[in-house]
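Structure first, then comments.
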Amino acid sequence: MKLSVYGKGGIGKSTTSCNISVALAKRGKKVLQIGCDPKHDSTFTLTGFLIPTIIDTLQEKDYHYEDVWAEDVIYKGYGGVDCVEAGGPPAGAGCGGYVVGETVKLLKELNAFDEYDVILFDVLGDVVCGGFAAPLNYSDYCMIVTDNGFDALFAANRIAASVREKARTHPLRLAGLIGNRTSKRDLIDKYISAVPMPVLEVLPLIEDIRVSRVKGKTLFEMAETDPSLNYVCEYYLNIADQILALPEGVVPNDAPDRELFSLLSDF
Ligand code: ADP
Ligand code: MG
């Protein structure tokens with residue numbers, strides 16, 4: 001199964017992805033997480049360091065795919081999760097979609113693309129061009145991370161529109177929203193009343209999740225020495241279990257921008 005995690009910048013996609021990847025591994029699945037953000041820090045809490053990117057490695061080898069070995073680009077992370085960072089095009093030039101395409105091509109050459117129970121793409125979601133929607137071409141499901149605010153829901157609506165477009169030609173479904181860093185969900189509920197889609201989980205702002213980033217550890221690793229954190233892991237295990245239950249998901253009908261402004265505003 002292939003999953004894409006989208007959402008506004010800084011909303012918690014990578015944090016959520018890493019912890020879902022470990023939760024899936026805890027359920028016995030062979031998991032690969034692919035960071036598709038030029039920020040290339042997607043897998044940092046899994047490995048504890050910034051691993052070399054596919055694009056850097058390909059550049060080093062003059063794009064001779066046959067000279068790249070799996071161990072050059074696939075790194076073992078916490079809980080047995082395999083980690084890849086696609087990397088980014090040079091700032092201000094190139095295309096994020098091209099980078100994702102090259103990454104998938106290389107993983108196929110290495111016979112790694114179809115070897116996993118779950119591949120999770122961690123993708124940036126301020127969707128400005130078709131390139132950033134590229135991982136959807138390879139995905140069965142999309143999940144969107146959002147908070148209870150206008151900007152993240154606006155980005156979510158854009159992503160929903162991309163899913164609707166891709167679903168015309170691919171068997172792609174939106175599995176649902178993950179509310180993050182919020183205990184309130186009134187705007188999320190308003191949004192899904194206009195654009196129906198499941199809410200898989202709502203995670204509050206938790207100081208230990210913030211700290212996990214600085215420590216370079218997932219919550220599962222932190223819970224090994226601090227069992228009081230097990231309750232946080234339960235959120236991620238719950239999301240993993242819903243994914244493994246193969247949810248029906250939806251093909252969303254995104255809301256027009258003007259409707260969204262009036263829906264989510266007080267005036
Ligand atoms: P993105 O990948 O969407 O850009 P990150 O996963 O890098 O976002 O998260 C941005 C910051 O927010 C990180 O420092 C992370 O630790 C923090 N964070 C994410 N989710 C939570 C949460 N539920 N509670 C507290 N901090 C969080
Ligand atoms: Mg990220």
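Going through the structure tokens in order, the chains are called A, B, and so on, while each chain numbers its residues from 1 and the ligands are numbered from 1 in the order shown.
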### Task
Residues up to 10 Å from ligand 1, counting only C-alpha atoms and all ligand atoms: could you list those as a VMD selection string?
chain A and resid 5 to 18 35 37 39 to 45 122 to 125 145 to 147 179 to 183 202 to 216 218 232
### Task
Please provide the set of residues having any atom within 8 Å of Leu187 (chain A), restricted to only C-alpha atoms, with same-chain residues fewer than 4 positions apart removed, written as a PyMOL selection string.
chain A and resi 148-150+191+264
### Message
Using only C-alpha atoms for the distances, tell me which of A:Asp140, A:Glu115, A:Glu85, A:Glu109 is nearest to Leu3 (chain A).
### Response
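Between A:Asp140, A:Glu115, A:Glu85, A:Glu109, the residue approaching Leu3 (chain A) most closely is A:Asp140.
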### Task
Choose the residue, out of A:Ile243, A:Leu237, A:Cys36, A:Met222, that has the smallest atom-to-atom separation from ligand 2; count only C-alpha atoms and all ligand atoms.
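Of all the options, A:Cys36 lies closest to ligand 2.
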### Task
Would you work out the distance separating CA of Asp126 (chain A) from CA of Ile34 (chain A), expressed in Å to one decimal?
18.0 Å
